[in-house]
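Asks: Provided herewith: model05.txt, compact mmCIF, C-alpha atoms.
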# COMPACT_ATOMS: atom_id res chain seq x y z
CA MET A 315 0.00 0.00 0.00
CA SER A 316 2.81 2.46 0.81
CA ASP A 317 4.25 1.53 -2.59
CA PHE A 318 1.01 2.71 -4.10
CA PHE A 319 1.16 6.09 -2.35
CA ALA A 320 4.82 6.51 -3.25
CA MET A 321 3.91 6.34 -6.99
CA GLY A 322 7.43 5.18 -7.84
CA GLY A 323 8.91 8.39 -6.43
CA TYR A 324 6.50 10.65 -8.35
CA ALA A 325 4.05 11.09 -5.47
CA ILE A 326 4.63 14.86 -5.20
CA TYR A 327 3.52 15.25 -8.84
CA VAL A 328 0.79 12.62 -9.12
CA TRP A 329 -1.22 13.21 -5.93
CA PRO A 330 -1.46 17.02 -6.17
CA SER A 331 -2.85 16.53 -9.70
CA PHE A 332 -5.58 14.19 -8.50
CA ILE A 333 -6.41 16.19 -5.36
CA LEU A 334 -6.62 19.49 -7.25
CA THR A 335 -8.92 17.84 -9.81
CA LEU A 336 -11.18 16.64 -7.02
CA ILE A 337 -11.32 20.10 -5.41
CA ILE A 338 -12.16 21.80 -8.70
CA LEU A 339 -14.80 19.21 -9.62
CA VAL A 340 -16.52 19.68 -6.24
CA ALA A 341 -16.29 23.48 -6.45
CA ASN A 342 -18.07 23.46 -9.82
CA ILE A 343 -20.92 21.46 -8.30
CA VAL A 344 -21.22 23.73 -5.25
CA ALA A 345 -21.12 27.01 -7.22
CA PRO A 346 -24.44 26.57 -9.11
CA ILE A 347 -26.16 25.35 -5.92
CA VAL A 348 -25.09 28.53 -4.10
CA HIS A 349 -25.98 30.68 -7.13
CA LYS A 350 -29.49 29.25 -7.35
CA ARG A 351 -30.15 29.40 -3.62
CA ARG A 352 -29.04 33.03 -3.50
CA ALA A 353 -31.32 33.93 -6.41
CA LEU A 354 -34.29 32.14 -4.82
CA THR A 355 -33.90 33.83 -1.42
CA ASP A 356 -33.49 37.18 -3.18
CA ILE A 357 -36.73 36.65 -5.12
CA ALA A 358 -38.55 35.52 -1.98
CA ARG A 359 -37.44 38.67 -0.14
CA LYS A 360 -38.67 40.90 -2.98
CA ILE A 361 -42.06 39.18 -3.00
CA ARG A 362 -42.41 39.66 0.77
CA ARG A 363 -41.47 43.32 0.49
CA ALA A 364 -43.99 43.87 -2.31
CA ARG A 365 -46.71 42.25 -0.18
CA LYS A 366 -45.94 44.50 2.77
CA GLN A 367 -46.23 47.60 0.62
CA GLN A 368 -49.61 46.47 -0.65
CA LYS A 369 -51.04 46.20 2.86
CA MET B 149 -43.13 16.76 -33.71
CA ILE B 150 -39.49 17.84 -33.90
CA ILE B 151 -40.38 21.50 -34.25
CA HIS B 152 -42.68 21.12 -31.27
CA PHE B 153 -39.79 19.59 -29.28
CA PHE B 154 -37.42 22.43 -30.11
CA HIS B 155 -40.09 24.96 -29.32
CA GLN B 156 -40.57 23.39 -25.89
CA MET B 157 -36.84 23.16 -25.23
CA GLY B 158 -36.55 26.85 -26.02
CA SER B 159 -38.91 27.69 -23.19
CA PRO B 160 -36.94 28.41 -20.00
CA ARG B 161 -39.62 26.86 -17.82
CA TYR B 162 -39.71 23.60 -19.74
CA PHE B 163 -35.91 23.45 -19.88
CA TYR B 164 -35.71 24.11 -16.14
CA ASN B 165 -37.96 21.16 -15.33
CA MET B 166 -36.35 18.88 -17.90
CA ALA B 167 -32.84 19.69 -16.60
CA GLY B 168 -33.99 19.00 -13.05
CA LYS B 169 -34.96 15.49 -14.08
CA LEU B 170 -31.75 14.86 -16.05
CA ILE B 171 -29.20 16.09 -13.50
CA PRO B 172 -29.43 13.09 -11.10
CA TRP B 173 -28.87 10.67 -14.02
CA PHE B 174 -25.81 12.58 -15.18
CA MET B 175 -24.48 12.76 -11.61
CA VAL B 176 -24.91 9.06 -10.85
CA SER B 177 -23.40 7.90 -14.15
CA PHE B 178 -20.56 10.40 -13.68
CA LEU B 179 -19.73 9.04 -10.23
CA ILE B 180 -19.86 5.41 -11.38
CA SER B 181 -17.65 6.02 -14.41
CA LEU B 182 -15.28 8.15 -12.30
CA LEU B 183 -14.79 5.32 -9.79
CA ILE B 184 -14.26 2.78 -12.56
CA GLY B 185 -11.84 5.09 -14.37
CA LEU B 186 -9.84 5.88 -11.22
CA TYR B 187 -9.70 2.23 -10.21
CA TYR B 188 -8.42 1.08 -13.60
CA GLY B 189 -6.18 4.11 -13.99
CA LEU B 190 -4.52 3.92 -10.59
CA PHE B 191 -4.58 0.20 -9.76
CA VAL B 192 -5.03 -1.92 -12.88
CA ALA B 193 -3.18 -0.09 -15.68
CA PRO B 194 0.50 -1.08 -15.87
CA THR B 195 3.44 1.22 -15.19
CA ASP B 196 4.77 3.06 -18.24
CA TYR B 197 8.12 1.71 -19.40
CA GLN B 198 9.55 5.20 -20.02
CA GLN B 199 7.76 7.50 -17.60
CA GLY B 200 7.19 5.18 -14.65
CA GLU B 201 4.20 6.01 -12.45
CA SER B 202 4.24 9.72 -13.33
CA TYR B 203 2.33 8.94 -16.51
CA ARG B 204 -0.82 8.34 -14.41
CA ILE B 205 -1.32 12.11 -14.44
CA MET B 206 -2.41 11.46 -18.04
CA TYR B 207 -5.72 10.02 -16.77
CA ILE B 208 -6.81 13.48 -15.70
CA HIS B 209 -4.59 15.68 -17.84
CA VAL B 210 -5.73 14.35 -21.21
CA PRO B 211 -9.49 14.16 -20.48
CA ALA B 212 -9.33 17.64 -18.91
CA ALA B 213 -7.59 19.01 -22.01
CA TRP B 214 -10.17 17.35 -24.29
CA MET B 215 -12.96 18.85 -22.18
CA SER B 216 -11.40 22.30 -22.35
CA MET B 217 -11.76 22.18 -26.13
CA PHE B 218 -15.07 20.27 -26.24
CA ILE B 219 -16.78 22.76 -23.92
CA TYR B 220 -15.42 25.67 -25.94
CA VAL B 221 -16.91 24.21 -29.13
CA VAL B 222 -20.27 23.67 -27.38
CA MET B 223 -20.09 27.29 -26.24
CA ALA B 224 -19.27 28.62 -29.70
CA VAL B 225 -22.07 26.59 -31.35
CA SER B 226 -24.56 27.80 -28.71
CA GLY B 227 -23.25 31.30 -29.34
CA LEU B 228 -23.86 30.98 -33.06
CA ILE B 229 -27.41 29.70 -32.50
CA SER B 230 -28.03 32.54 -30.02
CA LEU B 231 -26.85 35.16 -32.50
CA VAL B 232 -28.92 33.79 -35.38
CA TRP B 233 -32.15 32.79 -33.65
CA ARG B 234 -32.02 34.69 -30.33
CA ILE B 235 -32.94 31.62 -28.31
CA LYS B 236 -32.81 32.26 -24.57
CA ILE B 237 -31.70 28.75 -23.66
CA THR B 238 -28.64 28.72 -25.91
CA GLU B 239 -27.71 32.16 -24.56
CA ILE B 240 -27.84 30.64 -21.09
CA LEU B 241 -25.82 27.59 -22.20
CA VAL B 242 -23.00 29.84 -23.43
CA ILE B 243 -22.44 31.47 -20.07
CA SER B 244 -23.23 28.31 -18.07
CA SER B 245 -20.38 26.52 -19.85
CA ALA B 246 -17.78 29.22 -19.26
CA THR B 247 -16.81 28.53 -15.63
CA VAL B 248 -16.62 24.75 -15.99
CA GLY B 249 -14.71 25.18 -19.26
CA ALA B 250 -12.23 27.53 -17.61
CA SER B 251 -11.86 25.01 -14.78
CA PHE B 252 -10.94 22.17 -17.14
CA THR B 253 -8.51 24.42 -19.01
CA PHE B 254 -6.88 25.41 -15.74
CA LEU B 255 -6.69 21.75 -14.70
CA ALA B 256 -5.13 20.75 -18.02
CA LEU B 257 -2.47 23.44 -17.58
CA VAL B 258 -1.68 22.68 -13.94
CA THR B 259 -1.62 18.89 -14.29
CA GLY B 260 0.46 19.34 -17.44
CA SER B 261 2.88 21.43 -15.43
CA LEU B 262 3.02 18.78 -12.70
CA TRP B 263 3.72 16.18 -15.38
CA GLY B 264 6.18 18.37 -17.25
CA LYS B 265 8.43 19.03 -14.28
CA PRO B 266 9.57 15.40 -13.77
CA MET B 267 9.50 14.51 -17.50
CA TRP B 268 10.84 17.63 -19.24
CA GLY B 269 12.60 19.19 -16.26
CA ALA B 270 10.51 22.37 -16.47
CA TRP B 271 7.18 23.50 -15.03
CA TRP B 272 6.47 25.58 -18.10
CA VAL B 273 7.88 26.11 -21.59
CA TRP B 274 6.60 28.52 -24.24
CA ASP B 275 5.71 25.64 -26.48
CA ALA B 276 2.98 26.05 -29.14
CA ARG B 277 0.57 23.60 -27.52
CA LEU B 278 1.00 25.08 -24.03
CA THR B 279 0.75 28.67 -25.22
CA ALA B 280 -2.41 28.00 -27.24
CA GLU B 281 -4.00 26.28 -24.23
CA LEU B 282 -3.08 29.27 -22.04
CA LEU B 283 -4.75 31.51 -24.61
CA LEU B 284 -7.85 29.32 -24.30
CA LEU B 285 -7.89 29.97 -20.55
CA PHE B 286 -7.72 33.72 -21.23
CA LEU B 287 -10.59 33.41 -23.70
CA TYR B 288 -12.74 31.70 -21.08
CA LEU B 289 -11.81 34.31 -18.46
CA GLY B 290 -12.51 37.09 -20.95
CA ILE B 291 -15.96 35.63 -21.63
CA ILE B 292 -16.75 35.42 -17.90
CA ALA B 293 -15.53 38.98 -17.30
CA LEU B 294 -17.39 40.38 -20.31
CA HIS B 295 -20.62 38.72 -19.22
CA SER B 296 -20.44 40.12 -15.70
CA ALA B 297 -19.51 43.60 -16.97
CA ILE B 298 -22.75 44.08 -18.94
CA GLU B 299 -25.84 44.71 -16.87
CA ASP B 300 -28.47 43.77 -19.49
CA LYS B 301 -28.18 39.99 -19.73
CA ARG B 302 -29.60 39.75 -23.28
CA VAL B 303 -26.98 42.25 -24.49
CA ALA B 304 -24.31 40.45 -22.45
CA ALA B 305 -25.27 37.15 -24.09
CA ARG B 306 -24.82 38.64 -27.56
CA ALA B 307 -21.42 40.12 -26.72
CA VAL B 308 -20.26 36.87 -25.15
CA SER B 309 -21.49 34.83 -28.12
CA ILE B 310 -19.47 36.96 -30.52
CA LEU B 311 -16.33 36.59 -28.40
CA ALA B 312 -16.87 32.81 -28.14
CA LEU B 313 -17.26 32.57 -31.94
CA VAL B 314 -14.15 34.62 -32.67
CA GLY B 315 -12.11 32.57 -30.20
CA VAL B 316 -13.07 29.25 -31.76
CA VAL B 317 -10.20 29.72 -34.25
CA ASN B 318 -7.92 28.78 -31.35
CA ILE B 319 -9.36 25.24 -31.14
CA PRO B 320 -7.84 23.81 -34.36
CA ILE B 321 -4.62 25.65 -33.46
CA ILE B 322 -4.46 23.77 -30.15
CA HIS B 323 -5.28 20.47 -31.80
CA TYR B 324 -2.79 20.71 -34.66
CA SER B 325 -0.09 22.65 -32.76
CA VAL B 326 1.86 19.45 -32.13
CA GLU B 327 1.96 18.77 -35.89
CA TRP B 328 2.44 22.29 -37.27
CA TRP B 329 5.28 23.25 -34.96
CA ASN B 330 8.16 21.41 -33.45
CA THR B 331 6.91 21.10 -29.92
CA LEU B 332 8.17 19.61 -26.72
CA HIS B 333 4.65 18.42 -26.09
CA GLN B 334 4.19 14.90 -27.39
CA SER B 335 1.94 14.37 -30.39
CA ALA B 336 -1.50 12.78 -30.31
CA SER B 337 -1.68 9.14 -29.34
CA VAL B 338 -5.46 8.67 -29.35
CA MET B 339 -7.15 11.36 -31.47
CA LYS B 340 -5.75 10.43 -34.87
CA PHE B 341 -6.90 8.61 -37.94
CA ASP B 342 -4.45 5.78 -37.42
CA LYS B 343 -4.89 3.18 -34.74
CA PRO B 344 -4.23 4.73 -31.29
CA SER B 345 -0.58 4.23 -30.35
CA ILE B 346 -1.46 3.59 -26.73
CA ASP B 347 -1.91 0.14 -25.25
CA ILE B 348 -5.47 -1.04 -24.68
CA SER B 349 -4.83 -1.49 -20.93
CA MET B 350 -4.04 2.24 -20.70
CA LEU B 351 -6.60 3.33 -23.29
CA ILE B 352 -9.60 1.88 -21.43
CA PRO B 353 -9.10 3.89 -18.20
CA LEU B 354 -8.31 6.97 -20.27
CA LEU B 355 -11.54 6.73 -22.27
CA THR B 356 -13.54 5.92 -19.11
CA MET B 357 -12.21 9.10 -17.50
CA ALA B 358 -13.05 11.04 -20.67
CA ILE B 359 -16.65 9.75 -20.60
CA SER B 360 -16.82 10.50 -16.88
CA PHE B 361 -15.75 14.13 -17.43
CA LYS B 362 -18.32 14.51 -20.23
CA LEU B 363 -21.09 13.28 -17.92
CA TYR B 364 -19.82 15.64 -15.22
CA TYR B 365 -20.02 18.55 -17.64
CA GLY B 366 -23.56 17.48 -18.54
CA ALA B 367 -24.60 17.64 -14.88
CA VAL B 368 -22.79 20.89 -14.08
CA VAL B 369 -23.90 22.82 -17.17
CA LEU B 370 -27.53 21.91 -16.47
CA MET B 371 -27.16 22.97 -12.81
CA GLN B 372 -25.60 26.27 -13.88
CA ALA B 373 -28.33 26.77 -16.48
CA ARG B 374 -31.07 26.21 -13.88
CA ALA B 375 -29.49 28.77 -11.55
CA GLU B 376 -29.13 31.21 -14.44
CA ILE B 377 -32.77 30.66 -15.52
CA VAL B 378 -34.07 31.43 -12.01
CA ASP B 379 -31.91 34.53 -11.93
CA ARG B 380 -33.06 35.86 -15.31
CA GLU B 381 -36.70 34.83 -15.18
CA ARG B 382 -37.17 36.22 -11.68
CA ASN B 383 -40.01 38.45 -12.84
CA SER B 384 -41.89 35.75 -14.69
CA ARG B 385 -44.95 34.31 -13.06
CA TRP B 386 -43.81 30.68 -12.95
CA VAL B 387 -40.62 31.52 -11.03
CA GLN B 388 -42.55 33.65 -8.54
CA GLU B 389 -45.10 30.89 -8.08
CA MET B 390 -42.30 28.38 -7.54
CA VAL B 391 -40.73 30.59 -4.87
CA GLU B 392 -44.07 31.04 -3.11
CA GLN B 393 -44.72 27.32 -3.25
CA GLU B 394 -41.40 26.66 -1.53
CA ALA B 395 -42.03 29.33 1.10
CA LYS B 396 -45.20 27.55 2.25
Mind turning this structure into structure tokens?
Replies:
Amino acid sequence: MSDFFAMGGYAIYVWPSFILTLIILVANIVAPIVHKRRALTDIARKIRRARKQQK
Amino acid sequence: MIIHFFHQMGSPRYFYNMAGKLIPWFMVSFLISLLIGLYYGLFVAPTDYQQGESYRIMYIHVPAAWMSMFIYVVMAVSGLISLVWRIKITEILVISSATVGASFTFLALVTGSLWGKPMWGAWWVWDARLTAELLLLFLYLGIIALHSAIEDKRVAARAVSILALVGVVNIPIIHYSVEWWNTLHQSASVMKFDKPSIDISMLIPLLTMAISFKLYYGAVVLMQARAEIVDRERNSRWVQEMVEQEAK
């Protein structure tokens, strides 16, 4: 197993590549979720404000 | 029938619902193919006789580089359709592809650098392939910046589409750079008319990773598009009704 992590001496090049890929893939999934949630809460707030003004 | 289908797909509301149903399928098949690709790439595929274990960077570097070009072409085609027919959905697809495209370009450059250091002895060289790929990153970043600089999103979409179309000239340059110029970057070993010059035991994990990244893009671009649709259609009745439904 430690052989596997050593990557034949290339561990400092191989693992950063894979870890960075993972981070970027996750970030691209999180970003649209945050974007959509922010838009939805913004719209909800505007609707509430419009209601209050009507009353 | 077909015209009806395209008409429906052009409606943001229909696209929003359709994308919502498709995303889980893309996500699940992405995760499965990713695990298979990583398992075969890291455990099953043999060690390279010249490059040792460092060659395993290829399993992300090459698919990421393919994606950087694939997404750009999708963006340019959507841009062309947007300019000609003014379809809202393709306008949204252009900008929804930009961040994920820039991400893959960045990944291709960084993993290439991490592969180049042990193999070429340099993190970076001003080689034709590398320089053209760097230019691609700047094109993506330019598109993102241009889009956020213009307040009116319909106008922004048109500007971004034009930039995407102009930049598409860079794609064949990247692809053929290793043939047109004497480059340090190795030439194609899969994407050529001849038989691939890579062993089947290494080709299978590579193609699995490529499919996996395509499925990932499918999921992410649809998620981005849904967020963008909510943002743009905020004044339409169906979005307001959806928000009110969720508030209850």
Asks: Taking into account only C-alpha atoms, which residue in the set B:Pro266, B:Pro160, B:Gly189, B:Pro344 is nearest to chain A?
Replies: B:Pro266
Asks: Might you pull out every residue within 12 Å of stretch 340-348 of chain A, with all atoms listed in the file counted and same-chain residues fewer than 3 positions away left off, and present them as a short mmCIF file (atom, residue, chain, number, x, y, z; two decimals) with C-alpha atoms, keeping the file's coordinate frame?
Replies:
data_model
loop_
_atom_site.label_atom_id
_atom_site.label_comp_id
_atom_site.auth_asym_id
_atom_site.auth_seq_id
_atom_site.Cartn_x
_atom_site.Cartn_y
_atom_site.Cartn_z
CA ILE A 333 -6.41 16.19 -5.36
CA LEU A 334 -6.62 19.49 -7.25
CA THR A 335 -8.92 17.84 -9.81
CA LEU A 336 -11.18 16.64 -7.02
CA ILE A 337 -11.32 20.10 -5.41
CA ARG A 351 -30.15 29.40 -3.62
CA ARG A 352 -29.04 33.03 -3.50
CA ALA A 353 -31.32 33.93 -6.41
CA LEU A 354 -34.29 32.14 -4.82
CA THR A 355 -33.90 33.83 -1.42
CA ILE B 171 -29.20 16.09 -13.50
CA MET B 175 -24.48 12.76 -11.61
CA LEU B 179 -19.73 9.04 -10.23
CA SER B 244 -23.23 28.31 -18.07
CA SER B 245 -20.38 26.52 -19.85
CA ALA B 246 -17.78 29.22 -19.26
CA THR B 247 -16.81 28.53 -15.63
CA VAL B 248 -16.62 24.75 -15.99
CA GLY B 249 -14.71 25.18 -19.26
CA ALA B 250 -12.23 27.53 -17.61
CA SER B 251 -11.86 25.01 -14.78
CA PHE B 252 -10.94 22.17 -17.14
CA TYR B 364 -19.82 15.64 -15.22
CA TYR B 365 -20.02 18.55 -17.64
CA GLY B 366 -23.56 17.48 -18.54
CA ALA B 367 -24.60 17.64 -14.88
CA VAL B 368 -22.79 20.89 -14.08
CA VAL B 369 -23.90 22.82 -17.17
CA LEU B 370 -27.53 21.91 -16.47
CA MET B 371 -27.16 22.97 -12.81
CA GLN B 372 -25.60 26.27 -13.88
CA ALA B 373 -28.33 26.77 -16.48
CA ARG B 374 -31.07 26.21 -13.88
CA ALA B 375 -29.49 28.77 -11.55
CA GLU B 376 -29.13 31.21 -14.44
CA ILE B 377 -32.77 30.66 -15.52
CA VAL B 378 -34.07 31.43 -12.01
CA ASP B 379 -31.91 34.53 -11.93
#
Asks: Fewer than 6 positions away in the same chain doesn't count, so skip those; otherwise give me all residues within 9 Å of B:Val316, counting only C-alpha atoms, as a list of chain:residue names.
Replies: B:Tyr220, B:Val221, B:Ala224
Asks: With distances taken over only C-alpha atoms, which of A:Lys369, A:Ala320, A:Ile326, A:Ser331 is nearest to chain B?
Replies: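 Under the stated criterion, the closest residue is A:Ser331.
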Asks: What's the 9 Å shell around B:Arg306, counting all atoms listed in the file, without same-chain residues fewer than 6 positions away, as a ChimeraX atom specification?
Replies: /B:227,230-231,234,239
Asks: Closest to A:Phe318 among B:Phe218, B:Tyr164, B:Phe178, B:Phe191, using all atoms listed in the file?
Replies: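 Among the listed residues, the smallest separation from A:Phe318 belongs to B:Phe191.
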Asks: With only C-alpha atoms as the counted atoms, please give the residues lying no more than 12 Å from B:Glu281, apart from itself and same-chain residues fewer than 5 positions off, as a ChimeraX atom specification.
Replies: /B:212-217,220,249-250,252-258,260,274-276,286-288,315,318-326,333
Asks: Report, in Å with one decimal, the straight-line distance from atom CA of B:Ser349 to atom CA of B:Trp263.
Replies: 20.4 Å
Asks: With a cut-off of 6 Å, could you pull out the residues of chain A touching chain B and give me the nearest pair of atoms for each, distance in Å to one decimal, using all atoms listed in the file, ordered by chain and ascending number, as JSON lines?
Replies:
{"residue": "A:Met321", "atom": "CA", "partner": "B:Glu201", "partner_atom": "CA", "distance": 5.5}
{"residue": "A:Gly322", "atom": "CA", "partner": "B:Glu201", "partner_atom": "CA", "distance": 5.7}
{"residue": "A:Tyr324", "atom": "CA", "partner": "B:Ser202", "partner_atom": "CA", "distance": 5.5}
{"residue": "A:Tyr327", "atom": "CA", "partner": "B:Leu262", "partner_atom": "CA", "distance": 5.3}
{"residue": "A:Val328", "atom": "CA", "partner": "B:Ile205", "partner_atom": "CA", "distance": 5.7}
{"residue": "A:Ser331", "atom": "CA", "partner": "B:Thr259", "partner_atom": "CA", "distance": 5.3}
{"residue": "A:Pro346", "atom": "CA", "partner": "B:Gln372", "partner_atom": "CA", "distance": 4.9}
{"residue": "A:His349", "atom": "CA", "partner": "B:Ala375", "partner_atom": "CA", "distance": 6.0}
{"residue": "A:Lys350", "atom": "CA", "partner": "B:Ala375", "partner_atom": "CA", "distance": 4.2}
{"residue": "A:Ala353", "atom": "CA", "partner": "B:Asp379", "partner_atom": "CA", "distance": 5.6}
Asks: Output C-alpha atoms for every residue in that selection, as a short mmCIF file (atom, residue, chain, number, x, y, z; two decimals), in the coordinates of the input.
Replies:
data_model
loop_
_atom_site.label_atom_id
_atom_site.label_comp_id
_atom_site.auth_asym_id
_atom_site.auth_seq_id
_atom_site.Cartn_x
_atom_site.Cartn_y
_atom_site.Cartn_z
CA MET A 321 3.91 6.34 -6.99
CA GLY A 322 7.43 5.18 -7.84
CA TYR A 324 6.50 10.65 -8.35
CA TYR A 327 3.52 15.25 -8.84
CA VAL A 328 0.79 12.62 -9.12
CA SER A 331 -2.85 16.53 -9.70
CA PRO A 346 -24.44 26.57 -9.11
CA HIS A 349 -25.98 30.68 -7.13
CA LYS A 350 -29.49 29.25 -7.35
CA ALA A 353 -31.32 33.93 -6.41
#
Asks: Provide the atom CA of B:Thr356 to atom CA of B:Gly185 distance in Å, to one decimal place.
Replies: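 Separation between atom CA of B:Thr356 and atom CA of B:Gly185: 5.1 Å.
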